[in-house]
Structures are given as structure tokens and as C-alpha cells.
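Below is work-v2.cif, holding mmCIF, C-alpha atoms and all ligand atoms.
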```
data_input
#
loop_
_atom_site.label_atom_id
_atom_site.label_comp_id
_atom_site.auth_asym_id
_atom_site.auth_seq_id
_atom_site.Cartn_x
_atom_site.Cartn_y
_atom_site.Cartn_z
CA MET K 1 -1.78 35.23 -19.26
CA ALA K 2 1.45 33.32 -19.83
CA ALA K 3 1.02 29.55 -20.14
CA ARG K 4 2.31 27.66 -17.12
CA THR K 5 4.97 25.10 -17.76
CA LEU K 6 4.38 21.91 -15.83
CA LEU K 7 7.31 20.59 -13.85
CA THR K 8 8.20 16.89 -13.87
CA ALA K 9 7.62 14.92 -10.65
CA GLY K 10 9.73 11.91 -9.76
CA ILE K 11 10.34 9.59 -6.83
CA THR K 12 13.77 10.42 -5.40
CA GLY K 13 13.80 8.49 -2.12
CA VAL K 14 12.19 5.42 -0.56
CA GLY K 15 12.14 4.19 3.03
CA MET K 16 10.45 1.60 5.18
CA SER K 17 10.11 0.48 8.77
CA TYR K 18 8.33 -2.40 10.45
CA PRO K 19 8.03 -3.96 13.90
CA ASP K 20 10.55 -6.54 15.10
CA ARG K 21 7.91 -9.05 16.19
CA ILE K 22 7.21 -11.79 13.65
CA LEU K 23 3.92 -13.71 13.71
CA THR K 24 4.23 -16.92 11.69
CA ASN K 25 1.47 -19.09 10.26
CA HIS K 26 2.44 -21.70 12.85
CA ASP K 27 1.85 -19.12 15.60
CA LEU K 28 -1.61 -18.50 14.10
CA GLU K 29 -2.37 -22.23 14.19
CA LYS K 30 -2.34 -21.89 17.98
CA MET K 31 -4.76 -18.95 17.90
CA VAL K 32 -7.45 -19.90 15.35
CA GLU K 33 -8.55 -22.99 13.39
CA THR K 34 -6.13 -22.67 10.49
CA ASN K 35 -2.97 -24.22 9.12
CA HIS K 36 0.26 -23.10 7.51
CA GLN K 37 -0.41 -24.96 4.27
CA TRP K 38 -3.84 -23.38 3.74
CA ILE K 39 -2.50 -19.88 4.36
CA VAL K 40 0.47 -20.31 2.02
CA GLU K 41 -1.56 -21.92 -0.78
CA ARG K 42 -4.54 -19.55 -0.62
CA THR K 43 -2.67 -16.28 0.11
CA GLY K 44 1.12 -16.64 -0.32
CA ILE K 45 1.77 -15.43 3.25
CA ASN K 46 4.39 -17.09 5.49
CA GLU K 47 4.69 -14.50 8.21
CA ARG K 48 3.80 -10.92 9.06
CA ARG K 49 5.07 -8.21 11.45
CA ILE K 50 3.00 -7.16 14.45
CA ALA K 51 3.47 -3.93 16.41
CA GLU K 52 3.56 -3.76 20.19
CA LYS K 53 0.16 -2.89 21.62
CA GLY K 54 -0.23 0.89 21.85
CA THR K 55 2.12 1.63 18.94
CA GLY K 56 0.47 4.21 16.68
CA ALA K 57 0.90 4.22 12.92
CA SER K 58 3.02 7.38 13.28
CA VAL K 59 5.89 5.44 14.90
CA HIS K 60 6.95 3.34 11.93
CA GLY K 61 5.66 6.03 9.58
CA ALA K 62 8.17 8.51 10.96
CA LYS K 63 11.02 5.99 10.72
CA ALA K 64 10.14 5.15 7.11
CA ALA K 65 9.92 8.88 6.33
CA ILE K 66 13.39 9.57 7.73
CA GLN K 67 14.89 6.74 5.67
CA ALA K 68 13.16 8.06 2.53
CA LEU K 69 14.51 11.59 3.17
CA GLU K 70 18.03 10.23 3.69
CA HIS K 71 17.75 8.26 0.44
CA ALA K 72 16.64 11.41 -1.40
CA GLY K 73 19.40 13.44 0.29
CA ILE K 74 17.08 16.10 1.69
CA ARG K 75 16.50 17.47 5.19
CA PRO K 76 13.15 17.33 7.02
CA ASP K 77 12.89 21.13 6.92
CA GLN K 78 12.95 21.00 3.11
CA VAL K 79 9.67 19.04 2.96
CA ASP K 80 6.68 21.16 1.87
CA GLN K 81 3.92 18.63 2.35
CA ILE K 82 3.25 15.28 4.05
CA ILE K 83 0.45 13.00 2.86
CA VAL K 84 -0.31 9.93 4.96
CA PRO K 85 -2.52 7.26 3.39
CA THR K 86 -3.75 5.00 6.19
CA VAL K 87 -6.83 3.19 7.51
CA THR K 88 -5.24 2.92 10.96
CA PRO K 89 -4.34 6.48 11.98
CA ASP K 90 -3.06 6.96 15.53
CA MET K 91 -6.35 8.72 16.34
CA VAL K 92 -9.47 9.78 14.48
CA PHE K 93 -7.98 13.26 14.67
CA PRO K 94 -5.62 15.06 14.54
CA ALA K 95 -4.14 13.60 11.39
CA THR K 96 -1.23 11.19 11.64
CA ALA K 97 0.49 13.51 9.11
CA CYS K 98 0.63 16.16 11.87
CA LEU K 99 2.19 13.70 14.30
CA ILE K 100 4.79 12.57 11.76
CA GLN K 101 5.54 16.20 10.85
CA ASP K 102 6.39 16.86 14.49
CA MET K 103 8.31 13.61 15.02
CA ILE K 104 10.63 14.14 12.05
CA GLY K 105 11.00 17.92 12.51
CA ALA K 106 9.51 18.90 9.15
CA GLN K 107 8.90 22.40 10.41
CA ASN K 108 8.00 23.89 7.02
CA ALA K 109 5.51 21.24 5.95
CA TRP K 110 1.73 21.07 6.01
CA GLY K 111 -0.12 17.84 5.45
CA TYR K 112 -3.08 15.57 5.85
CA ASP K 113 -4.21 11.93 6.00
CA LEU K 114 -5.86 10.26 3.06
CA GLU K 115 -8.17 7.25 3.26
CA GLY K 116 -8.00 5.15 0.13
CA ALA K 117 -7.56 1.77 1.87
CA CYS K 118 -5.24 -0.53 -0.10
CA SER K 119 -5.14 1.96 -2.99
CA GLY K 120 -4.37 4.83 -0.62
CA PHE K 121 -0.70 4.98 -1.53
CA LEU K 122 -1.53 5.38 -5.22
CA PHE K 123 -4.10 8.09 -4.50
CA ALA K 124 -1.58 9.95 -2.33
CA LEU K 125 1.17 9.56 -4.93
CA GLN K 126 -1.10 11.08 -7.58
CA ASN K 127 -1.82 14.04 -5.27
CA ALA K 128 1.88 14.47 -4.57
CA ARG K 129 2.63 14.37 -8.28
CA ALA K 130 -0.01 17.03 -9.00
CA GLN K 131 1.34 19.30 -6.27
CA VAL K 132 4.88 19.05 -7.60
CA GLU K 133 3.94 19.35 -11.30
CA SER K 134 1.90 22.48 -10.61
CA GLY K 135 4.66 24.10 -8.60
CA ALA K 136 2.45 24.26 -5.48
CA ALA K 137 4.97 22.13 -3.57
CA ARG K 138 8.57 21.31 -4.28
CA ARG K 139 9.01 18.26 -2.08
CA VAL K 140 6.22 16.01 -0.88
CA LEU K 141 6.57 13.09 1.49
CA VAL K 142 4.06 10.25 1.04
CA VAL K 143 3.96 7.91 4.04
CA GLY K 144 1.80 4.77 3.87
CA THR K 145 1.65 3.39 7.38
CA GLU K 146 -0.58 0.83 9.06
CA VAL K 147 -1.10 -0.97 12.34
CA MET K 148 -3.64 -3.41 10.97
CA SER K 149 -3.21 -5.63 14.04
CA ALA K 150 -5.11 -2.99 16.04
CA ILE K 151 -8.31 -3.51 14.04
CA LEU K 152 -8.23 -7.28 13.54
CA ASN K 153 -10.50 -9.75 15.24
CA TRP K 154 -7.97 -12.34 16.36
CA GLU K 155 -10.77 -14.92 16.58
CA ASP K 156 -11.75 -14.55 12.92
CA ARG K 157 -9.60 -16.77 10.72
CA ASN K 158 -11.09 -15.17 7.60
CA THR K 159 -9.28 -11.91 8.29
CA CYS K 160 -6.66 -12.20 11.06
CA ILE K 161 -4.30 -14.34 8.97
CA LEU K 162 -4.18 -11.81 6.13
CA PHE K 163 -2.81 -8.56 7.47
CA GLY K 164 0.41 -7.19 8.94
CA ASP K 165 1.90 -3.94 10.25
CA GLY K 166 4.51 -1.67 8.66
CA ALA K 167 5.23 1.57 6.88
CA GLY K 168 6.73 2.72 3.60
CA ALA K 169 7.50 6.24 2.45
CA VAL K 170 8.58 8.01 -0.73
CA VAL K 171 9.83 11.50 -1.50
CA VAL K 172 8.27 13.08 -4.60
CA GLU K 173 10.03 16.12 -6.00
CA ALA K 174 10.66 18.06 -9.16
CA ILE K 175 13.29 16.44 -11.38
CA GLU K 176 15.14 17.75 -14.44
CA ALA K 177 12.70 18.67 -17.20
CA GLU K 178 14.26 16.32 -19.76
CA LYS K 179 13.69 13.29 -17.50
CA VAL K 180 10.46 11.29 -17.17
CA GLY K 181 9.23 10.48 -13.64
CA ILE K 182 5.67 9.70 -12.56
CA PHE K 183 3.96 9.93 -15.94
CA ASP K 184 0.48 8.44 -15.85
CA ALA K 185 -2.17 7.39 -13.35
CA LEU K 186 -5.46 5.59 -13.87
CA LEU K 187 -7.47 5.53 -10.63
CA HIS K 188 -11.00 4.39 -9.82
CA VAL K 189 -13.52 4.12 -7.00
CA ASP K 190 -16.82 2.25 -6.97
CA GLY K 191 -18.68 2.67 -3.69
CA SER K 192 -21.14 -0.10 -4.50
CA GLY K 193 -18.33 -2.40 -3.31
CA ALA K 194 -18.31 -0.84 0.18
CA LYS K 195 -20.47 -3.67 1.52
CA TYR K 196 -17.76 -6.29 1.02
CA LEU K 197 -14.86 -4.85 3.07
CA TYR K 198 -15.29 -2.44 5.94
CA GLN K 199 -14.90 -1.46 9.59
CA THR K 200 -18.35 -0.32 10.67
CA ALA K 201 -17.82 1.41 13.99
CA GLY K 202 -15.77 4.36 15.19
CA GLY K 203 -17.09 6.73 12.54
CA SER K 204 -20.14 8.98 12.65
CA ARG K 205 -22.74 6.36 11.75
CA VAL K 206 -21.82 3.93 14.54
CA PRO K 207 -19.84 5.80 17.20
CA ALA K 208 -17.98 3.73 19.76
CA SER K 209 -20.30 2.27 22.41
CA ALA K 210 -20.46 -0.78 24.64
CA GLU K 211 -22.80 -2.31 22.01
CA SER K 212 -20.46 -1.62 19.09
CA VAL K 213 -17.58 -3.23 20.95
CA ALA K 214 -19.68 -6.25 21.95
CA ALA K 215 -20.78 -6.66 18.33
CA LYS K 216 -17.10 -6.56 17.21
CA GLN K 217 -17.86 -3.69 14.84
CA HIS K 218 -14.45 -2.08 15.37
CA PHE K 219 -12.77 -4.89 13.48
CA VAL K 220 -12.14 -5.48 9.78
CA HIS K 221 -14.94 -7.40 8.11
CA GLN K 222 -14.38 -8.88 4.67
CA GLU K 223 -16.43 -10.99 2.27
CA GLY K 224 -13.19 -12.48 0.95
CA ARG K 225 -14.59 -14.40 -2.00
CA GLU K 226 -16.49 -11.37 -3.33
CA VAL K 227 -13.52 -9.03 -2.94
CA PHE K 228 -11.30 -11.61 -4.60
CA LYS K 229 -13.50 -11.75 -7.71
CA PHE K 230 -13.40 -7.99 -8.22
CA ALA K 231 -9.70 -7.66 -7.26
CA VAL K 232 -8.49 -10.34 -9.63
CA LYS K 233 -10.19 -8.68 -12.61
CA GLY K 234 -9.79 -5.07 -11.50
CA MET K 235 -6.07 -4.97 -10.81
CA ALA K 236 -5.13 -6.81 -13.99
CA LYS K 237 -7.39 -4.68 -16.20
CA VAL K 238 -6.39 -1.29 -14.82
CA THR K 239 -2.70 -2.13 -15.22
CA GLN K 240 -3.21 -3.24 -18.79
CA ASP K 241 -5.37 -0.19 -19.54
CA VAL K 242 -2.83 2.35 -18.30
CA LEU K 243 0.00 0.63 -20.17
CA GLU K 244 -2.02 0.43 -23.39
CA ARG K 245 -3.01 4.07 -23.38
CA ASN K 246 0.72 4.89 -23.26
CA GLY K 247 1.53 2.51 -26.13
CA LEU K 248 3.29 0.15 -23.71
CA ASN K 249 2.90 -3.51 -22.82
CA GLY K 250 4.25 -6.07 -20.34
CA LYS K 251 7.58 -6.35 -22.22
CA ASP K 252 8.31 -2.70 -21.45
CA VAL K 253 7.81 -3.15 -17.68
CA LYS K 254 10.96 -3.63 -15.60
CA LEU K 255 9.01 -4.24 -12.40
CA LEU K 256 5.36 -4.59 -11.47
CA VAL K 257 5.02 -3.50 -7.83
CA PRO K 258 1.50 -4.55 -6.88
CA HIS K 259 -0.43 -4.17 -3.66
CA GLN K 260 0.23 -7.35 -1.68
CA ALA K 261 -3.20 -8.75 -0.75
CA ASN K 262 -3.06 -12.24 -2.20
CA ILE K 263 -0.45 -14.00 -4.34
CA ARG K 264 -3.24 -15.30 -6.60
CA ILE K 265 -4.44 -11.76 -7.36
CA ILE K 266 -0.87 -10.72 -8.19
CA GLU K 267 -0.40 -13.78 -10.42
CA ALA K 268 -3.59 -12.93 -12.34
CA THR K 269 -2.09 -9.53 -13.22
CA GLN K 270 1.24 -11.19 -14.06
CA ARG K 271 -0.52 -13.59 -16.47
CA ARG K 272 -2.60 -10.85 -18.10
CA LEU K 273 0.55 -8.83 -18.86
CA ASP K 274 2.62 -11.94 -19.67
CA LEU K 275 5.32 -11.01 -17.15
CA SER K 276 8.16 -13.27 -15.99
CA ASP K 277 8.68 -13.84 -12.26
CA ASP K 278 11.64 -11.42 -12.38
CA GLN K 279 9.27 -8.64 -13.40
CA VAL K 280 7.00 -8.97 -10.36
CA MET K 281 7.76 -7.75 -6.84
CA ILE K 282 6.52 -10.09 -4.10
CA THR K 283 6.75 -9.25 -0.40
CA ILE K 284 3.48 -10.76 0.80
CA ASP K 285 5.38 -13.86 1.97
CA ARG K 286 7.18 -11.84 4.68
CA PHE K 287 4.82 -8.93 5.45
CA GLY K 288 1.28 -10.09 4.65
CA ASN K 289 -1.15 -7.38 3.56
CA THR K 290 -0.04 -4.04 4.99
CA THR K 291 -2.82 -2.07 3.24
CA ALA K 292 -1.58 1.46 2.31
CA ALA K 293 2.01 0.57 3.22
CA SER K 294 2.44 -2.45 0.96
CA ILE K 295 3.54 -0.71 -2.26
CA PRO K 296 6.13 1.68 -0.75
CA MET K 297 7.49 -1.17 1.41
CA ALA K 298 7.83 -3.34 -1.70
CA LEU K 299 9.57 -0.45 -3.50
CA ARG K 300 12.12 -0.20 -0.71
CA VAL K 301 12.76 -3.96 -0.79
CA ALA K 302 13.20 -3.70 -4.58
CA CYS K 303 15.81 -0.92 -4.07
CA ASP K 304 17.62 -2.95 -1.41
CA GLU K 305 17.70 -5.99 -3.70
CA GLY K 306 19.13 -3.87 -6.55
CA ARG K 307 16.11 -4.51 -8.77
CA LEU K 308 15.55 -0.89 -9.84
CA GLN K 309 17.84 1.31 -11.93
CA GLN K 310 17.24 4.85 -13.10
CA GLY K 311 15.04 4.92 -16.20
CA ASP K 312 13.33 1.57 -15.47
CA LEU K 313 9.58 1.44 -16.09
CA VAL K 314 7.75 0.57 -12.87
CA ALA K 315 4.03 -0.20 -12.78
CA LEU K 316 2.37 0.31 -9.39
CA SER K 317 -1.07 -1.34 -9.06
CA ALA K 318 -3.61 -1.81 -6.29
CA PHE K 319 -7.13 -2.91 -5.43
CA GLY K 320 -8.87 -2.41 -2.08
CA ALA K 321 -11.81 -1.46 0.07
CA GLY K 322 -14.23 1.06 -1.38
CA PHE K 323 -13.84 -0.42 -3.89
CA THR K 324 -10.76 1.55 -4.84
CA TRP K 325 -8.26 0.54 -7.50
CA GLY K 326 -5.74 1.89 -9.93
CA SER K 327 -2.31 1.83 -11.51
CA ILE K 328 0.45 4.43 -11.79
CA LEU K 329 3.36 4.33 -14.23
CA VAL K 330 6.73 5.63 -13.11
CA ARG K 331 10.14 5.95 -14.72
CA TRP K 332 12.48 5.24 -11.83
CA THR K 333 14.44 8.31 -10.76
CA ALA K 334 15.81 7.40 -7.31
CA SER K 335 19.46 6.33 -7.06
O1 LIG W 1 -6.35 -5.82 0.36
C1 LIG W 1 -7.66 -5.43 0.21
C2 LIG W 1 -8.41 -6.28 -0.72
N1 LIG W 1 -8.55 -7.62 -0.21
C3 LIG W 1 -8.30 -8.65 -0.99
O2 LIG W 1 -7.89 -8.46 -2.11
C4 LIG W 1 -8.60 -10.01 -0.45
C5 LIG W 1 -9.40 -10.81 -1.45
N2 LIG W 1 -9.77 -12.13 -0.98
C6 LIG W 1 -8.87 -13.11 -0.77
O3 LIG W 1 -7.68 -12.91 -0.88
C7 LIG W 1 -9.40 -14.49 -0.46
O4 LIG W 1 -10.78 -14.52 -0.68
C8 LIG W 1 -9.10 -14.98 0.99
C9 LIG W 1 -7.62 -15.24 1.12
C10 LIG W 1 -9.58 -13.94 1.98
C11 LIG W 1 -9.82 -16.30 1.22
O5 LIG W 1 -9.45 -17.26 0.24
P1 LIG W 1 -10.55 -18.07 -0.58
O6 LIG W 1 -9.83 -18.99 -1.44
O7 LIG W 1 -11.45 -17.06 -1.21
O8 LIG W 1 -11.26 -18.87 0.58
P2 LIG W 1 -12.79 -18.92 0.96
O9 LIG W 1 -13.16 -17.74 1.78
O10 LIG W 1 -13.59 -19.20 -0.27
O11 LIG W 1 -12.80 -20.19 1.87
C12 LIG W 1 -12.48 -21.51 1.35
C13 LIG W 1 -12.50 -22.50 2.49
C14 LIG W 1 -13.75 -22.37 3.36
O12 LIG W 1 -14.11 -23.68 3.78
P3 LIG W 1 -15.27 -24.49 3.05
O13 LIG W 1 -16.48 -23.62 3.17
O14 LIG W 1 -14.80 -24.65 1.64
O15 LIG W 1 -15.31 -25.74 3.85
C15 LIG W 1 -13.30 -21.56 4.52
O16 LIG W 1 -14.06 -21.80 5.68
O17 LIG W 1 -11.40 -22.23 3.37
C16 LIG W 1 -11.88 -22.04 4.70
N3 LIG W 1 -11.03 -21.05 5.35
C17 LIG W 1 -9.91 -21.35 6.02
N4 LIG W 1 -9.32 -22.53 6.29
C18 LIG W 1 -8.18 -22.49 7.00
C19 LIG W 1 -11.19 -19.70 5.38
N5 LIG W 1 -10.20 -19.13 6.06
C20 LIG W 1 -9.39 -20.13 6.49
C21 LIG W 1 -8.21 -20.17 7.23
N6 LIG W 1 -7.63 -21.37 7.46
N7 LIG W 1 -7.62 -19.04 7.70
#
```
The structure given in the file should be rewritten as C-alpha cells.
Ligand code: UT7
Amino acid sequence: MAARTLLTAGITGVGMSYPDRILTNHDLEKMVETNHQWIVERTGINERRIAEKGTGASVHGAKAAIQALEHAGIRPDQVDQIIVPTVTPDMVFPATACLIQDMIGAQNAWGYDLEGACSGFLFALQNARAQVESGAARRVLVVGTEVMSAILNWEDRNTCILFGDGAGAVVVEAIEAEKVGIFDALLHVDGSGAKYLYQTAGGSRVPASAESVAAKQHFVHQEGREVFKFAVKGMAKVTQDVLERNGLNGKDVKLLVPHQANIRIIEATQRRLDLSDDQVMITIDRFGNTTAASIPMALRVACDEGRLQQGDLVALSAFGAGFTWGSILVRWTAS
């Protein structure tokens, strides 16, 4: 049998979309026992976007997808596959990927949702890369989209101040063989961490009931201090590990685009890799933690701010519920 030549997968378009409504820390002061200074010092968040009640994750997901397609210069009917990492799908089923497929008119695409929490975008990007490299798909749309506000307990200051709503999307497609695109991924899960960050109800173990609602089991629950300890070590180490196994170090990185959960977690990775502030993408101040959407949203902001040129080395890193964590290295190929 003839050996199969692997194609090269690259990111060729990035888009994002988020709700108009801004919720500031000062607004939160009126809702729970908190204050602007605590939130900024402990998390780095100033404000976040909140969707109108009843807005499904597909709404901003579809808008982000269309912007990403325009950036890549391809039509919706040229998309072969849509992968939607999210913890806040419109419904338990059908998949939000199906809804987005219909909304954007991607009539030749199949697709599915992927649940990797805050690392979901990286997991989906790795799948997209594998599909393109193998020749199974030519163009894959990855759409991280979240309406975290729908699953927050607005009386719990431990969690409600942290999250925001929004969507980011990328197009992954085959690029010229001599170029380098998405070139390495180091991804992990450790389910022993499941007890620290979860939404108990709405799945098969605790279906929705009057009791589950009364017990607030449909909301995010987080043991923040525990998650913080693992996240601070995990994100820094996995980023260093993937760079090292490619003979690279912090000096080679043009931009670290980390999941935006806490400025102190990001700074720990920055210190470990000895990166300057210019080498680190921060959007948590304006969007809070948008779970699976945070990395593609930050990529779009980086494009808009002119911080990425073709050939730049970009390190994408995340840590989240599961536990899930990982880092992907990309040579930038979008214009
Ligand atoms: O994205 C998925 C992965 N998630 C993460 O990576 C999140 C990881 N965890 C964190 O980012 C941090 O643990 C939090 C931001 C969630 C919390 O920060 P912390 O520095 O770990 O605070 P803490 O939970 O240890 O609480 C410190 C103090 C407590 O008061 P006492 O016991 O010291 O008197 C809390 O009651 O801060 C208090 N506190 C608050 N005060 C004002 C907790 N939340 C608030 C609040 N406003 N919103």
C-alpha cells in the first residue's frame, strides 16, 4: 500500500461575537457581597458581556463563524465539518453544531459538539487538525461559544463574578506543504479533579427535577482555591513541556494566548516561560472567563490589534474542569 502523505493544517480565519450588554464589577457590587477592587486584584476582571435571557450559544457562535469564514475567504458551503466546544449548548440535544450549520448555511458540513470545558477549544482544534492532516476534511470550522450566564448562581459571589458570554471561531484548512501551521499538541485529562468544578444536574445522574432546581444543582460549582492550585502549575508546565519537546523556549514565542480564567494563573505561565508583557494576550479584563470561547476570542482580538503576523509562533494553553488541560503550538498562517 502506498504511504499516505500527511497534509499540513493551519488556521486561516478567526472571528468572534459577543453580547452588547456589559456587566461591570460595580454592577456586581449591587448584586452580591463583593467589590471592584477584590475582583480586579484576585482575578484581573473589570467587566464581562452578558447575553439576553433566552439567547442560545448558537447565536453568537454563528456570528463568530461567519466572521471567521470571511477572514479565511471561504463560503459556508465549502465547510466540511463544524466542531463546537461548549459547556452551554442551546439544548442537551441536538448539538449546537447542527444549529450553527443551519444558521450559516453550511449545507455540505457535518459536525458535533465537544465538551472539554475550558480546554474544549484546544481539544476541538486538535481534532480539526487531525481531520485536515489526514485528508478526511478539507475545511473545518471550530466554534467555541458559551452563555455562561445561563448556568451561574447570581447569589454566589464565588462564581458569578468570574464568567462571561461570547463566542470565537477559527477556520482550519490545508495549507501549502512547505509551510508550518498547527504543529504540536500536548493535551491531558485527569478525572480525579472532577469534584472541584462541575454542574451536577441536567445530565443522566441527576435529571432536572423540582428538587435539583431547589438545591441549585443546575449552576456552576467551583472549589476555587483547589482549582487554582492545579491550574497555576498545570498550565505553566504543559506549555513549557510542549515547547521543550520541540526544542523551543519562551524567547521563540511571539504570543502566548492562554485561556482567560484568572490573571494570576496567566502570570504564573508568563513567569515560568520568562515572557514579556508584549508576549502575552490578555482579554480577561473585558470578557471575564468565557470557557471554551476564551482562546479564539483572544486570537481575534490579537488579529485586530495587529499582534500576529504570518510565521509567528503562537502558544495556546488552557486549564479547566475535568480536569482538562493542554497546549498547542501554531505557526500563524492567517492574514
Ligand atoms: O476556567 C476554569 C478553571 N477555573 C479556574 O482556573 C479558577 C481558579 N480559581 C481562581 O481563579 C480563584 O480561586 C478565585 C478567583 C475563584 C478565588 O480567588 P482566591 O484568591 O482563591 O480566593 P478564595 O476563594 O481563597 O477567597 C479569599 C477570600 C475569602 O474570604 P476569607 O475566607 O479569606 O475571609 C472569600 O470569602 O475572599 C473572599 N471572597 C470574595 N470577596 C469579595 C471570595 N469571593 C469573593 C468575592 N468578593 N467575589
Taking 4 positions as the minimum chain separation for residues in the same chain, which residues sit within 12 Å of Glu33 (chain K) when counting only C-alpha atoms? Answer as a PyMOL selection string. chain K and resi 25-29+38-39+154-158+160-161
With the cut-off set at 12 Å and counting all atoms listed in the file, tabulate each residue of region 27-122 of chain K with an atom at most that distance from an atom of region 199-213 of chain K, showing the nearest atom pair and its distance in Å to one decimal, ordered by chain and increasing number, as a Markdown table.
```
| residue | atom | partner | partner_atom | distance |
| --- | --- | --- | --- | --- |
| K:Val87 | CA | K:Gln199 | CA | 9.5 |
| K:Thr88 | CA | K:Gln199 | CA | 10.7 |
| K:Met91 | CA | K:Gly202 | CA | 10.4 |
| K:Val92 | CA | K:Gly202 | CA | 8.3 |
| K:Phe93 | CA | K:Gly203 | CA | 11.4 |
| K:Ala117 | CA | K:Gln199 | CA | 11.1 |
```
Counting all atoms listed in the file, which of K:Ala106, K:Leu114, K:Val147, K:Ala318 gets nearest to ligand LIG 1 (chain W)?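 Among K:Ala106, K:Leu114, K:Val147, K:Ala318, it is K:Ala318 that comes nearest to ligand LIG 1 (chain W).
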Let me have the centre and edge lengths in Å, one decimal, of the box along x, y and z around every listed atom of ligand LIG 1 (chain W) with 5 Å of margin on each side, as lines of an AutoDock Vina configuration file.
```
center_x = -11.4
center_y = -15.6
center_z = 2.8
size_x = 20.1
size_y = 30.3
size_z = 19.8
```
Which is closest to ligand LIG 1 (chain W) among K:Gly224, K:Gly191, K:Gly247, K:Gly61, if we use all atoms listed in the file?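 Going through K:Gly224, K:Gly191, K:Gly247, K:Gly61 one by one, the smallest distance to ligand LIG 1 (chain W) is for K:Gly224.
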Give me the residues within 12 Å of Gly15 (chain K) as a PyMOL selection string, counting only C-alpha atoms and dropping any in the same chain fewer than 5 places off. chain K and resi 60-72+141-145+166-171+293-304+334
Excluding same-chain residues fewer than 3 positions from Glu41 (chain K), what lies within 12 Å of it counting all atoms listed in the file, as a ChimeraX atom specification? /K:25,35-38,44-46,262-264,285
